[in-house]
Amino acid sequence: MSIPNCLTFFRIFISPIFLLVYLEYEFLNIQMTTLPYILLFLLGISELSDACDGYLARKYNQVTDLGKILDPMADSIYRISIFLTFTLPPVQLPMLLIFIFIYRDSVVSTLRTICALKGFALAARPSGKIKAVFQALASFTVIILLIPYSLGYLSLHSLQYISMIVVLAAALYSLLSGVEYVYANKQYIMKLLTSKNSLKRDLID
């Protein structure tokens, strides 16, 4: 277990903590006015671990096959967990938005895993990095909106409406980046489909 992989596991571990704090802040004796700052702290260290694990892995030559698989999986788990958390009051995002993130990540992860098993890797795309930035900014924006809401300066309707618009923008770009990822790697996907068809012909023969 290298330090980068530990940071990746930490990112997975912190996801349910974020959900627990958001849902049970009263039980945990956390004031509503304090809640956004705790959520900002949890999100901040998650994003920091995301930035550090790849950097440390490359700097200290600790890039592993486990890390290559685990890092994007951890990113997907903790970001989708945060957006799923926001489907609950007071933010209450539409669940349909979250399914865009889930379907996009599921398709890309499945293609990446299958191609890796076949012996060729699908390269990361710049659009994927930008997607991660958009999602992080959307998450930070929603939490920051909770600050004026908790102080009574922002209505519940405004909180929910602005949050929905911000996350919708991130969801649409995520969908676009998924389409771009598939298109950019179409030669590998065609190779995968061709190899399956070849295998079927061999079995029939």
# chains A, B, ... in the order shown; residues from 1 in each chain; ligands from 1
call {"tool": "select_by_dssp", "arguments": {"residues": "stretch 67-173 of chain A", "states": "helix (DSSP H, G or I)", "output": "ChimeraX atom specification"}}
result
/A:67-85,95-117,126-150,156-173
call {"tool": "residues_around", "arguments": {"residues": "stretch 14-30 of chain A", "least_positions_apart": "5", "cutoff": "8 Å", "atoms": "only C-alpha atoms", "output": "MDAnalysis selection string"}}
result
chainID A and resid 35 39 42:43 46 77:78 81:82 85
call {"tool": "write_last_selection", "arguments": {"atoms": "C-alpha atoms", "output": "PDB file, in the first residue's frame"}}
result
ATOM      1  CA  LEU A  35     -22.699  22.691   8.760  1.00  0.00           C
ATOM      2  CA  LEU A  39     -18.935  20.089   4.510  1.00  0.00           C
ATOM      3  CA  LEU A  42     -14.611  17.408   3.991  1.00  0.00           C
ATOM      4  CA  LEU A  43     -14.956  18.232   0.309  1.00  0.00           C
ATOM      5  CA  SER A  46     -11.228  14.964  -0.684  1.00  0.00           C
ATOM      6  CA  ILE A  77     -17.666   7.023  -5.888  1.00  0.00           C
ATOM      7  CA  TYR A  78     -17.034  10.140  -3.838  1.00  0.00           C
ATOM      8  CA  SER A  81     -21.953  10.172  -3.375  1.00  0.00           C
ATOM      9  CA  ILE A  82     -21.838  13.929  -2.822  1.00  0.00           C
ATOM     10  CA  THR A  85     -26.389  13.481  -0.806  1.00  0.00           C
TER      11      THR A  85
END
call {"tool": "closest_atom_pairs", "arguments": {"of": "stretch 11-124 of chain A", "to": "stretch 144-151 of chain A", "cutoff": "6 Å", "atoms": "only C-alpha atoms", "output": "tab-separated table"}}
result
residue	atom	partner	partner_atom	distance
A:Met32	CA	A:Ser150	CA	5.9
A:Thr33	CA	A:Ser150	CA	5.2
A:Pro36	CA	A:Leu146	CA	5.9
call {"tool": "write_last_selection", "arguments": {"atoms": "N, CA, C and O atoms", "output": "JSON list (two decimals), in the first residue's frame"}}
result
[["chain", "number", "residue", "atom", "x", "y", "z"],
["A", 32, "MET", "N", -26.81, 24.45, 12.12],
["A", 32, "MET", "CA", -27.00, 24.62, 10.69],
["A", 32, "MET", "C", -26.05, 25.66, 10.12],
["A", 32, "MET", "O", -25.58, 25.53, 8.99],
["A", 33, "THR", "N", -25.75, 26.68, 10.90],
["A", 33, "THR", "CA", -24.83, 27.72, 10.43],
["A", 33, "THR", "C", -23.39, 27.22, 10.34],
["A", 33, "THR", "O", -22.56, 27.79, 9.64],
["A", 36, "PRO", "N", -22.26, 24.08, 6.75],
["A", 36, "PRO", "CA", -21.58, 24.29, 5.45],
["A", 36, "PRO", "C", -20.06, 24.30, 5.55],
["A", 36, "PRO", "O", -19.38, 23.81, 4.65]]
call {"tool": "residues_around", "arguments": {"residues": "A:Phe9", "least_positions_apart": "3", "cutoff": "9 Å", "atoms": "only C-alpha atoms", "output": "PyMOL selection string"}}
result
chain A and resi 4-6+12-14+70-71+74
call {"tool": "write_last_selection", "arguments": {"atoms": "N, CA and C atoms", "output": "compact mmCIF listing (two decimals), in the first residue's frame"}}
result
# COMPACT_ATOMS: atom_id res chain seq x y z
N PRO A 4 0.10 7.10 -2.34
CA PRO A 4 -0.97 7.48 -3.27
C PRO A 4 -2.21 6.58 -3.17
N ASN A 5 -2.01 5.28 -3.03
CA ASN A 5 -3.15 4.38 -2.91
C ASN A 5 -3.89 4.57 -1.59
N CYS A 6 -3.15 4.90 -0.54
CA CYS A 6 -3.79 5.21 0.75
C CYS A 6 -4.67 6.44 0.63
N ILE A 12 -12.43 7.31 -0.76
CA ILE A 12 -13.61 6.44 -0.72
C ILE A 12 -14.20 6.43 0.69
N PHE A 13 -13.34 6.40 1.69
CA PHE A 13 -13.78 6.32 3.09
C PHE A 13 -14.55 7.56 3.52
N ILE A 14 -14.15 8.73 2.99
CA ILE A 14 -14.74 9.98 3.47
C ILE A 14 -16.13 10.23 2.88
N LEU A 70 -8.08 2.01 -9.29
CA LEU A 70 -8.72 2.51 -8.08
C LEU A 70 -8.98 4.01 -8.12
N ASP A 71 -8.07 4.78 -8.71
CA ASP A 71 -8.19 6.23 -8.68
C ASP A 71 -9.46 6.74 -9.38
N ALA A 74 -12.47 5.68 -7.31
CA ALA A 74 -12.65 6.49 -6.10
C ALA A 74 -13.24 7.85 -6.44
call {"tool": "closest_residue", "arguments": {"among": "A:Val167, A:Ile38, A:Ile100, A:Val108", "to": "A:Tyr183", "atoms": "only C-alpha atoms"}}
result
A:Val108
call {"tool": "closest_residue", "arguments": {"among": "A:Thr34, A:Ser49, A:Ser2, A:Ser139", "to": "A:Leu168", "atoms": "only C-alpha atoms"}}
result
A:Ser139
call {"tool": "closest_residue", "arguments": {"among": "A:Cys52, A:Leu84, A:Ile102, A:Leu40", "to": "A:Phe10", "atoms": "only C-alpha atoms"}}
result
A:Cys52
call {"tool": "closest_residue", "arguments": {"among": "A:Val142, A:Ala171, A:Leu156, A:Ala51", "to": "A:Asp75", "atoms": "only C-alpha atoms"}}
result
A:Ala51
call {"tool": "closest_residue", "arguments": {"among": "A:Thr87, A:Leu97, A:Ile3, A:Phe134", "to": "A:Tyr55", "atoms": "only C-alpha atoms"}}
result
A:Ile3
call {"tool": "atom_distance", "arguments": {"atom1": "atom CA of A:Thr141", "atom2": "atom CA of A:Ala169"}}
result
12.1 Å
call {"tool": "atom_distance", "arguments": {"atom1": "atom CA of A:Leu56", "atom2": "atom CA of A:Thr8"}}
result
11.5 Å
call {"tool": "closest_atom_pairs", "arguments": {"of": "stretch 69-137 of chain A", "to": "stretch 188-195 of chain A", "cutoff": "8 Å", "atoms": "only C-alpha atoms", "output": "tab-separated table"}}
result
residue	atom	partner	partner_atom	distance
A:Leu111	CA	A:Ile189	CA	7.7
A:Cys115	CA	A:Leu192	CA	6.9
A:Lys118	CA	A:Leu192	CA	7.6
A:Phe120	CA	A:Tyr188	CA	7.8
A:Leu122	CA	A:Tyr188	CA	7.5
call {"tool": "closest_residue", "arguments": {"among": "A:Met73, A:Ala124, A:Ala116, A:Ile143", "to": "A:Pro90", "atoms": "only C-alpha atoms"}}
result
A:Ile143
call {"tool": "residues_around", "arguments": {"residues": "A:Tyr103", "least_positions_apart": "6", "cutoff": "12 Å", "atoms": "only C-alpha atoms", "output": "list of chain:residue names"}}
result
A:Ser76, A:Ile80, A:Leu96, A:Leu97, A:Ser109, A:Thr110, A:Ala171, A:Ser174, A:Leu175, A:Gly178, A:Val179
